[in-house]
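File shown: data05.cif. Contents: mmCIF, C-alpha atoms.
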data_entry
#
loop_
_atom_site.label_atom_id
_atom_site.label_comp_id
_atom_site.auth_asym_id
_atom_site.auth_seq_id
_atom_site.Cartn_x
_atom_site.Cartn_y
_atom_site.Cartn_z
CA MET G 1 -52.36 175.72 -64.78
CA ASP G 2 -48.81 174.24 -65.03
CA ALA G 3 -48.43 174.25 -68.79
CA GLN G 4 -44.61 174.34 -68.75
CA TYR G 5 -44.36 170.84 -67.27
CA ASN G 6 -44.30 168.33 -70.13
CA PRO G 7 -43.46 164.71 -69.29
CA ARG G 8 -42.34 162.84 -72.40
CA THR G 9 -41.93 159.15 -71.45
CA VAL G 10 -44.40 156.60 -70.08
CA GLU G 11 -42.65 156.67 -66.71
CA GLU G 12 -42.66 160.47 -66.59
CA VAL G 13 -46.35 160.68 -67.52
CA PHE G 14 -47.20 158.10 -64.84
CA ARG G 15 -45.17 160.05 -62.27
CA ASP G 16 -47.10 163.17 -63.28
CA PHE G 17 -50.38 161.22 -62.94
CA LYS G 18 -49.49 159.96 -59.45
CA GLY G 19 -48.52 163.42 -58.24
CA ARG G 20 -51.73 165.02 -59.47
CA ARG G 21 -53.78 162.12 -58.10
CA ALA G 22 -52.16 162.43 -54.65
CA GLY G 23 -53.02 166.13 -54.52
CA LEU G 24 -56.64 165.51 -55.50
CA VAL G 25 -57.01 162.68 -52.98
CA ARG G 26 -55.65 164.95 -50.26
CA ALA G 27 -58.13 167.69 -51.17
CA LEU G 28 -61.08 165.29 -50.92
CA THR G 29 -59.94 163.49 -47.75
CA ALA G 30 -57.34 164.99 -45.39
CA ASP G 31 -57.96 168.60 -46.50
CA VAL G 32 -61.69 168.19 -47.12
CA GLU G 33 -62.77 170.98 -44.73
CA ASP G 34 -60.50 173.49 -46.44
CA PHE G 35 -61.60 172.26 -49.86
CA PHE G 36 -65.28 172.54 -48.87
CA ARG G 37 -64.78 176.09 -47.65
CA GLN G 38 -63.00 177.21 -50.82
CA CYS G 39 -65.81 175.89 -53.05
CA ASP G 40 -68.11 178.78 -52.26
CA PRO G 41 -71.26 178.64 -54.44
CA GLU G 42 -71.33 182.45 -54.43
CA LYS G 43 -68.10 182.59 -56.43
CA GLU G 44 -67.70 182.12 -60.16
CA ASN G 45 -67.15 178.78 -61.88
CA LEU G 46 -64.42 177.00 -59.96
CA CYS G 47 -62.26 173.97 -60.81
CA LEU G 48 -60.23 171.57 -58.67
CA TYR G 49 -56.65 171.22 -59.94
CA GLY G 50 -54.07 168.64 -58.91
CA PHE G 51 -50.37 169.26 -59.52
CA PRO G 52 -47.40 166.94 -60.09
CA ASN G 53 -45.91 168.06 -56.76
CA GLU G 54 -48.94 166.51 -54.94
CA HIS G 55 -50.52 169.89 -54.18
CA TRP G 56 -54.08 170.93 -55.07
CA GLU G 57 -55.84 174.19 -55.79
CA VAL G 58 -59.38 175.47 -56.28
CA ASN G 59 -59.29 178.19 -58.92
CA LEU G 60 -60.94 179.69 -61.96
CA PRO G 61 -60.35 177.87 -65.27
CA ALA G 62 -57.54 178.88 -67.58
CA GLU G 63 -58.30 181.98 -69.64
CA GLU G 64 -56.54 180.92 -72.84
CA VAL G 65 -58.64 179.10 -75.43
CA PRO G 66 -57.93 176.34 -76.11
CA PRO G 67 -56.06 175.67 -72.86
CA GLU G 68 -52.58 174.16 -72.88
CA LEU G 69 -53.81 171.14 -70.89
CA PRO G 70 -57.30 169.59 -70.63
CA GLU G 71 -59.34 171.41 -68.00
CA PRO G 72 -61.06 169.75 -65.00
CA ALA G 73 -64.82 169.91 -64.44
CA LEU G 74 -66.11 173.48 -64.36
CA GLY G 75 -68.39 174.87 -61.65
CA ILE G 76 -68.00 172.19 -58.97
CA ASN G 77 -68.81 174.84 -56.34
CA PHE G 78 -72.36 175.41 -57.61
CA ALA G 79 -73.58 171.97 -56.53
CA ARG G 80 -71.96 172.04 -53.09
CA ASP G 81 -75.00 173.12 -51.07
CA GLY G 82 -77.57 171.32 -53.20
CA MET G 83 -76.32 167.80 -52.43
CA GLN G 84 -75.31 165.70 -49.46
CA GLU G 85 -71.65 166.37 -48.78
CA LYS G 86 -70.69 162.71 -49.37
CA ASP G 87 -72.50 162.68 -52.72
CA TRP G 88 -70.94 165.98 -53.74
CA LEU G 89 -67.43 164.78 -52.90
CA SER G 90 -68.06 161.57 -54.84
CA MET G 91 -69.17 163.60 -57.87
CA VAL G 92 -66.03 165.74 -57.71
CA ALA G 93 -63.95 162.54 -57.34
CA VAL G 94 -65.46 161.00 -60.48
CA HIS G 95 -64.80 164.15 -62.52
CA SER G 96 -61.26 164.27 -61.12
CA ASP G 97 -60.62 160.69 -62.25
CA ALA G 98 -61.77 161.60 -65.75
CA TRP G 99 -59.56 164.68 -65.77
CA LEU G 100 -56.47 162.73 -64.67
CA LEU G 101 -56.91 160.25 -67.51
CA SER G 102 -57.45 163.01 -70.05
CA VAL G 103 -54.23 164.77 -68.97
CA ALA G 104 -52.19 161.55 -69.03
CA PHE G 105 -53.37 160.54 -72.49
CA TYR G 106 -53.04 164.12 -73.73
CA PHE G 107 -49.32 163.82 -72.99
CA GLY G 108 -49.31 160.40 -74.64
CA ALA G 109 -50.85 161.79 -77.82
CA ARG G 110 -48.69 164.87 -77.85
CA PHE G 111 -45.44 162.95 -77.56
CA GLY G 112 -46.36 160.13 -79.90
CA PHE G 113 -46.95 157.15 -77.60
CA ASP G 114 -47.57 154.03 -79.68
CA LYS G 115 -50.04 151.25 -78.92
CA ASN G 116 -47.70 149.46 -76.52
CA ASP G 117 -46.83 152.68 -74.68
CA ARG G 118 -50.49 153.56 -74.22
CA LYS G 119 -51.28 150.05 -73.05
CA ARG G 120 -48.41 150.10 -70.56
CA LEU G 121 -49.41 153.53 -69.28
CA PHE G 122 -53.01 152.48 -68.73
CA GLY G 123 -51.86 149.29 -66.99
CA MET G 124 -49.76 151.32 -64.55
CA ILE G 125 -52.64 153.73 -63.93
CA ASN G 126 -55.14 150.91 -63.54
CA ASP G 127 -53.10 149.33 -60.74
CA LEU G 128 -54.00 152.32 -58.56
CA PRO G 129 -57.46 152.72 -57.03
CA THR G 130 -59.44 155.58 -58.50
CA ILE G 131 -60.05 158.75 -56.54
CA PHE G 132 -63.72 157.82 -56.37
CA GLU G 133 -62.85 154.45 -54.83
CA VAL G 134 -60.70 156.16 -52.21
CA VAL G 135 -63.27 158.84 -51.37
CA SER G 136 -66.21 156.40 -51.27
CA GLY G 137 -64.28 153.80 -49.27
CA LYS G 138 -64.43 151.17 -52.03
CA SER G 139 -60.71 151.04 -52.75
CA LYS G 140 -60.27 147.86 -50.66
CA ALA G 141 -63.50 146.12 -51.61
CA LYS G 142 -63.10 146.46 -55.35
CA PRO G 143 -59.82 144.54 -55.79
CA LEU G 144 -61.20 141.74 -53.59
CA SER G 145 -64.37 141.57 -55.65
CA ALA G 146 -62.38 141.61 -58.86
CA ASN G 147 -60.15 138.80 -57.62
CA ASN G 148 -63.09 136.72 -56.51
CA HIS G 149 -64.73 137.19 -59.88
CA SER G 150 -61.50 136.28 -61.62
CA ASN G 151 -61.05 133.21 -59.44
CA SER G 152 -64.59 132.02 -60.06
CA LYS G 153 -64.12 132.48 -63.79
CA SER G 154 -60.83 130.61 -63.59
CA LYS G 155 -62.40 127.73 -61.64
CA SER G 156 -65.28 127.55 -64.09
CA SER G 157 -62.83 127.58 -66.99
CA ASN G 158 -60.71 124.88 -65.40
CA LYS G 159 -63.73 122.64 -64.87
CA THR G 160 -64.69 123.00 -68.51
CA LYS G 161 -61.20 122.35 -69.74
CA SER G 162 -60.60 119.37 -67.49
CA SER G 163 -63.86 117.71 -68.47
CA GLU G 164 -63.55 118.24 -72.22
CA PRO G 165 -60.13 116.65 -72.82
CA ARG G 166 -61.33 113.31 -71.45
CA ALA G 167 -63.81 113.18 -74.29
CA LYS G 168 -61.36 114.34 -76.93
CA GLN G 169 -58.19 112.40 -76.16
CA PRO G 170 -59.33 108.93 -77.24
CA LYS G 171 -59.96 110.16 -80.84
CA PRO G 172 -57.37 108.31 -83.01
CA GLN G 173 -58.15 110.11 -86.30
CA PRO G 174 -59.58 113.49 -87.26
CA GLN G 175 -62.74 112.24 -88.93
CA PRO G 176 -64.73 108.98 -88.37
CA PRO G 177 -64.09 108.32 -84.66
CA VAL G 178 -65.16 111.83 -83.61
CA LYS G 179 -68.78 110.72 -83.31
CA ASN G 180 -67.75 108.45 -80.46
CA GLU G 181 -66.47 111.52 -78.61
CA GLY G 182 -69.88 113.11 -78.73
CA ARG G 183 -71.42 110.03 -77.09
CA GLU G 184 -68.78 110.07 -74.39
CA GLU G 185 -69.44 113.73 -73.60
CA GLU G 186 -73.09 112.86 -73.06
CA GLY G 187 -72.12 110.15 -70.60
CA GLY G 188 -72.15 107.02 -72.83
CA PRO G 189 -68.63 105.60 -73.29
CA ASP G 190 -68.24 103.60 -76.46
CA ASP G 191 -66.57 100.22 -76.68
CA GLU G 192 -64.40 101.41 -79.54
CA GLU G 193 -62.97 104.05 -77.23
CA GLY G 194 -62.16 101.59 -74.46
CA GLY G 195 -58.55 101.25 -75.53
CA GLY G 196 -58.21 104.80 -76.73
CA GLY G 197 -56.23 106.12 -73.78
CA GLY G 198 -52.93 105.53 -75.57
CA GLY G 199 -49.89 107.78 -75.63
CA GLY G 200 -50.34 111.53 -75.95
CA GLY G 201 -47.75 111.67 -78.74
CA GLY G 202 -50.12 109.99 -81.20
CA ARG G 203 -52.82 112.49 -80.39
CA GLU G 204 -50.50 115.43 -80.89
CA GLU G 205 -49.41 114.02 -84.27
CA GLU G 206 -53.02 113.54 -85.32
CA HIS G 207 -53.97 117.05 -84.14
CA GLY G 208 -51.24 118.53 -86.24
CA GLU G 209 -52.75 116.99 -89.39
CA THR G 210 -56.17 118.56 -88.81
CA LEU G 211 -56.84 121.73 -90.81
CA CYS G 212 -59.51 124.35 -90.16
CA GLY G 213 -62.31 124.07 -92.72
CA ALA G 214 -62.61 127.86 -92.80
CA CYS G 215 -59.07 129.31 -92.82
CA GLY G 216 -57.03 126.21 -93.69
CA GLU G 217 -54.64 126.67 -90.77
CA SER G 218 -53.47 123.64 -88.77
CA TYR G 219 -54.55 122.69 -85.25
CA GLY G 220 -52.95 124.50 -82.32
CA ALA G 221 -52.99 123.00 -78.83
CA ASP G 222 -53.95 126.35 -77.29
CA GLU G 223 -56.91 126.98 -79.59
CA PHE G 224 -60.57 126.07 -79.26
CA TRP G 225 -61.90 123.94 -82.16
CA ILE G 226 -65.33 122.53 -83.00
CA CYS G 227 -66.37 119.81 -85.45
CA CYS G 228 -69.38 119.94 -87.79
CA ASP G 229 -71.76 117.01 -87.20
CA ILE G 230 -72.75 117.00 -90.88
CA CYS G 231 -69.53 117.24 -92.93
CA GLU G 232 -67.16 116.14 -90.11
CA LYS G 233 -64.81 119.09 -90.74
CA TRP G 234 -63.04 120.85 -87.87
CA PHE G 235 -63.07 124.63 -87.47
CA HIS G 236 -61.37 127.20 -85.26
CA GLY G 237 -64.03 128.50 -82.89
CA LYS G 238 -63.03 132.06 -83.78
CA CYS G 239 -63.46 131.36 -87.51
CA VAL G 240 -67.11 130.31 -87.08
CA LYS G 241 -67.83 132.64 -84.13
CA ILE G 242 -68.34 129.84 -81.61
CA THR G 243 -66.98 130.17 -78.08
CA PRO G 244 -66.48 127.27 -75.61
CA ALA G 245 -69.39 128.60 -73.55
CA LYS G 246 -71.68 128.74 -76.60
CA ALA G 247 -70.61 125.27 -77.72
CA GLU G 248 -71.83 123.75 -74.47
CA HIS G 249 -75.40 124.66 -75.42
CA ILE G 250 -75.25 123.26 -78.96
CA LYS G 251 -76.64 119.73 -79.31
CA GLN G 252 -75.71 119.31 -82.96
CA TYR G 253 -73.32 121.71 -84.61
CA LYS G 254 -73.60 122.62 -88.30
CA CYS G 255 -70.84 124.62 -89.95
CA PRO G 256 -71.68 127.68 -92.11
CA SER G 257 -71.60 125.59 -95.32
CA CYS G 258 -73.91 122.90 -93.99
CA SER G 259 -76.31 125.30 -92.30
CA GLY G 260 -76.47 127.60 -95.33
CA GLY G 261 -75.94 130.71 -93.17
CA ASN G 262 -73.18 132.98 -91.92
CA GLY G 263 -71.37 131.96 -88.73
CA GLY G 264 -71.68 128.68 -86.85
CA GLY G 265 -74.93 127.48 -85.44
CA GLY G 266 -76.59 124.63 -83.70
CA GLY G 267 -78.97 122.51 -85.70
CA GLY G 268 -81.95 120.66 -84.34
CA GLY G 269 -82.33 116.93 -83.92
CA SER G 270 -80.79 114.43 -81.60
CA GLY G 271 -77.42 114.05 -83.35
CA ASN G 272 -74.29 112.73 -81.70
CA GLY G 273 -73.65 115.95 -79.83
CA LYS G 274 -71.05 118.66 -80.42
CA ARG G 275 -67.39 117.74 -80.59
CA ALA G 276 -64.97 120.40 -79.49
CA ARG G 277 -61.30 120.49 -78.74
CA PRO G 278 -60.38 122.41 -75.60
CA SER G 279 -58.56 125.66 -75.90
#
Mind turning the file's structure into structure tokens?
Amino acid sequence: MDAQYNPRTVEEVFRDFKGRRAGLVRALTADVEDFFRQCDPEKENLCLYGFPNEHWEVNLPAEEVPPELPEPALGINFARDGMQEKDWLSMVAVHSDAWLLSVAFYFGARFGFDKNDRKRLFGMINDLPTIFEVVSGKSKAKPLSANNHSNSKSKSSNKTKSSEPRAKQPKPQPQPPVKNEGREEEGGPDDEEGGGGGGGGGREEEHGETLCGACGESYGADEFWICCDICEKWFHGKCVKITPAKAEHIKQYKCPSCSGGNGGGGGGGSGNGKRARPS
């Protein structure tokens, strides 16, 4: 409906998004009585439009085919009297959210936004609550829930990371002593590891000499590694498709070569337990 307005930068597209969003939120909240009245089921297919100037309008869809901009959901008025008002408004809100994203990324595609531009645009959009969250009253609860989930994941991750290094640090060399680490992870400290709490510099030097048995790259302190219990070779977790969470459930790890299959896997038997470097 406002085809002549063409934002060309990430900031301009986001400003356009916010203006349209504000108009749609107003229609479904502060101006809801007027919006409800305009969506007469006796009329033809109607759409709810939001404009960059924060205004809204209920109108017929654009006549030109294809339209200059993506069109919002068609015929929102037909369902008005067949649903509870709250459910109907929520349905319109969901379709409005989808329309806003389609318009924003239409501009992004039209004006050649690259991967970083699209990512930045979505990040800016994602910081705002959706229209559905505002209309349904979930705009405050969702961020709290997301933060709690993030915090619980972070705490769980920290517990895993803090417990694993204590088993890995005493290892003086990449190969033979690693079996002792497995016993320590299972709760049985080994006498040979009793004096293994030496300086961290030696461990960093030793880590740097370890190469991944799959890709041949050297050890990185911020990467998760796992050692094969059969051939004693170390592997990047990503190279053998093993995550830290998956490694916790493997009693004896066999690399792809030793297991004769694709991807890492846990073999049977008692073994010495998995050995993994924390990410």
Counting only C-alpha atoms, the residue of G:Pro129, G:Pro66, G:Pro61, G:Gly23 that sits nearest Cys47 of chain G: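 Checking each candidate against Cys47 of chain G, we get G:Pro61 as the closest.
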Given the file shown, determine the residues that the PyMOL selection byres ((chain G and resi 101-103) around 10) selects; report them as a PyMOL selection string. chain G and resi 13+16-17+20+69-72+96-100+104-109+122+125
Suppose you want the space between atom CA of Lys241 of chain G and atom CA of Ser257 of chain G; what is it in Å?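 Atom CA of Lys241 of chain G sits 13.8 Å away from atom CA of Ser257 of chain G.
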Quick one: pull the distance between atom CA of Arg80 of chain G and atom CA of Leu24 of chain G, Å, one decimal. 16.8 Å
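Take the candidates G:Met91, G:Pro67, G:Asn126, G:Phe224 and check each one against Ala247 of chain G using all atoms listed in the file; the shortest distance goes to G:Phe224.
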Can you measure atom CA of Gly213 of chain G to atom CA of Lys233 of chain G for me? One decimal in Å is fine. 5.9 Å
Select, from G:Val58, G:Ala79, G:Val32, G:Leu74, the residue with the minimum atom-to-atom distance to Val135 of chain G, counting only C-alpha atoms.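 Checking each of G:Val58, G:Ala79, G:Val32, G:Leu74 against Val135 of chain G, counting only C-alpha atoms, the winner is G:Val32.
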For segment 82-89 of chain G, find every residue with an atom within 12 Å (counting only C-alpha atoms), except residues of its own chain fewer than 2 positions away, and show them as a PyMOL selection string. chain G and resi 24-25+27-29+32-33+35-37+39+41+48+76-80+91-96+131-137
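Closest approach to Asn6 of chain G among G:Leu121, G:Pro52, G:Leu128, G:Ser90: G:Pro52, based on only C-alpha atoms.
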Residues matched by the PyMOL selection byres ((chain G and resi 239) around 12), written as a list of chain:residue names: G:Cys212, G:Gly213, G:Ala214, G:Cys215, G:Gly216, G:Glu217, G:Glu223, G:Phe224, G:Trp225, G:Ile226, G:Trp234, G:Phe235, G:His236, G:Gly237, G:Lys238, G:Val240, G:Lys241, G:Ile242, G:Thr243, G:Cys255, G:Pro256, G:Asn262, G:Gly263, G:Gly264
Write the residues you've just listed into a file as an mmCIF file, in the coordinates of the input, and include C-alpha atoms for each of them.
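Resulting contents of result14.cif:
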data_model
loop_
_atom_site.group_PDB
_atom_site.id
_atom_site.type_symbol
_atom_site.label_atom_id
_atom_site.label_comp_id
_atom_site.auth_asym_id
_atom_site.auth_seq_id
_atom_site.Cartn_x
_atom_site.Cartn_y
_atom_site.Cartn_z
ATOM 1 C CA CYS G 212 -59.510 124.350 -90.160
ATOM 2 C CA GLY G 213 -62.310 124.070 -92.720
ATOM 3 C CA ALA G 214 -62.610 127.860 -92.800
ATOM 4 C CA CYS G 215 -59.070 129.310 -92.820
ATOM 5 C CA GLY G 216 -57.030 126.210 -93.690
ATOM 6 C CA GLU G 217 -54.640 126.670 -90.770
ATOM 7 C CA GLU G 223 -56.910 126.980 -79.590
ATOM 8 C CA PHE G 224 -60.570 126.070 -79.260
ATOM 9 C CA TRP G 225 -61.900 123.940 -82.160
ATOM 10 C CA ILE G 226 -65.330 122.530 -83.000
ATOM 11 C CA TRP G 234 -63.040 120.850 -87.870
ATOM 12 C CA PHE G 235 -63.070 124.630 -87.470
ATOM 13 C CA HIS G 236 -61.370 127.200 -85.260
ATOM 14 C CA GLY G 237 -64.030 128.500 -82.890
ATOM 15 C CA LYS G 238 -63.030 132.060 -83.780
ATOM 16 C CA VAL G 240 -67.110 130.310 -87.080
ATOM 17 C CA LYS G 241 -67.830 132.640 -84.130
ATOM 18 C CA ILE G 242 -68.340 129.840 -81.610
ATOM 19 C CA THR G 243 -66.980 130.170 -78.080
ATOM 20 C CA CYS G 255 -70.840 124.620 -89.950
ATOM 21 C CA PRO G 256 -71.680 127.680 -92.110
ATOM 22 C CA ASN G 262 -73.180 132.980 -91.920
ATOM 23 C CA GLY G 263 -71.370 131.960 -88.730
ATOM 24 C CA GLY G 264 -71.680 128.680 -86.850
#
Counting all atoms listed in the file, figure out which residue out of G:Asp127, G:Asp81, G:Asp114, G:Asp222 gets nearest to Lys18 of chain G.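 Between G:Asp127, G:Asp81, G:Asp114, G:Asp222, the residue approaching Lys18 of chain G most closely is G:Asp127.
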So, with all atoms listed in the file as the atoms that count, which of G:Gly75, G:Thr9, G:Asp34, G:Asn45 lies closest to Glu57 of chain G? G:Asp34
Please fill the gaps in segment 34-46 of chain G so it has N, CA and C atoms, and write that as an mmCIF file, in the frame of the given file.
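Listing of selection.cif after writing:
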data_model
loop_
_atom_site.group_PDB
_atom_site.id
_atom_site.type_symbol
_atom_site.label_atom_id
_atom_site.label_comp_id
_atom_site.auth_asym_id
_atom_site.auth_seq_id
_atom_site.Cartn_x
_atom_site.Cartn_y
_atom_site.Cartn_z
ATOM 1 N N ASP G 34 -61.022 172.323 -45.714
ATOM 2 C CA ASP G 34 -60.500 173.490 -46.440
ATOM 3 C C ASP G 34 -61.043 173.511 -47.865
ATOM 4 N N PHE G 35 -61.073 172.349 -48.495
ATOM 5 C CA PHE G 35 -61.600 172.260 -49.860
ATOM 6 C C PHE G 35 -63.079 172.672 -49.901
ATOM 7 N N PHE G 36 -63.854 172.207 -48.938
ATOM 8 C CA PHE G 36 -65.280 172.540 -48.870
ATOM 9 C C PHE G 36 -65.467 174.047 -48.731
ATOM 10 N N ARG G 37 -64.661 174.652 -47.901
ATOM 11 C CA ARG G 37 -64.780 176.090 -47.650
ATOM 12 C C ARG G 37 -64.425 176.903 -48.886
ATOM 13 N N GLN G 38 -63.425 176.466 -49.635
ATOM 14 C CA GLN G 38 -63.000 177.210 -50.820
ATOM 15 C C GLN G 38 -64.006 177.126 -51.970
ATOM 16 N N CYS G 39 -64.834 176.064 -51.962
ATOM 17 C CA CYS G 39 -65.810 175.890 -53.050
ATOM 18 C C CYS G 39 -67.096 176.648 -52.735
ATOM 19 N N ASP G 40 -66.981 177.925 -52.610
ATOM 20 C CA ASP G 40 -68.110 178.780 -52.260
ATOM 21 C C ASP G 40 -69.047 178.921 -53.467
ATOM 22 N N PRO G 41 -70.323 178.531 -53.311
ATOM 23 C CA PRO G 41 -71.260 178.640 -54.440
ATOM 24 C C PRO G 41 -71.500 180.074 -54.903
ATOM 25 N N GLU G 42 -71.135 181.058 -54.068
ATOM 26 C CA GLU G 42 -71.330 182.450 -54.430
ATOM 27 C C GLU G 42 -70.246 182.954 -55.391
ATOM 28 N N LYS G 43 -69.182 182.187 -55.534
ATOM 29 C CA LYS G 43 -68.100 182.590 -56.430
ATOM 30 C C LYS G 43 -68.397 182.139 -57.854
ATOM 31 N N GLU G 44 -67.527 182.527 -58.770
ATOM 32 C CA GLU G 44 -67.700 182.120 -60.160
ATOM 33 C C GLU G 44 -67.374 180.643 -60.333
ATOM 34 N N ASN G 45 -67.457 180.181 -61.594
ATOM 35 C CA ASN G 45 -67.150 178.780 -61.880
ATOM 36 C C ASN G 45 -65.763 178.412 -61.376
ATOM 37 N N LEU G 46 -65.699 177.412 -60.516
ATOM 38 C CA LEU G 46 -64.420 177.000 -59.960
ATOM 39 C C LEU G 46 -64.071 175.578 -60.399
#
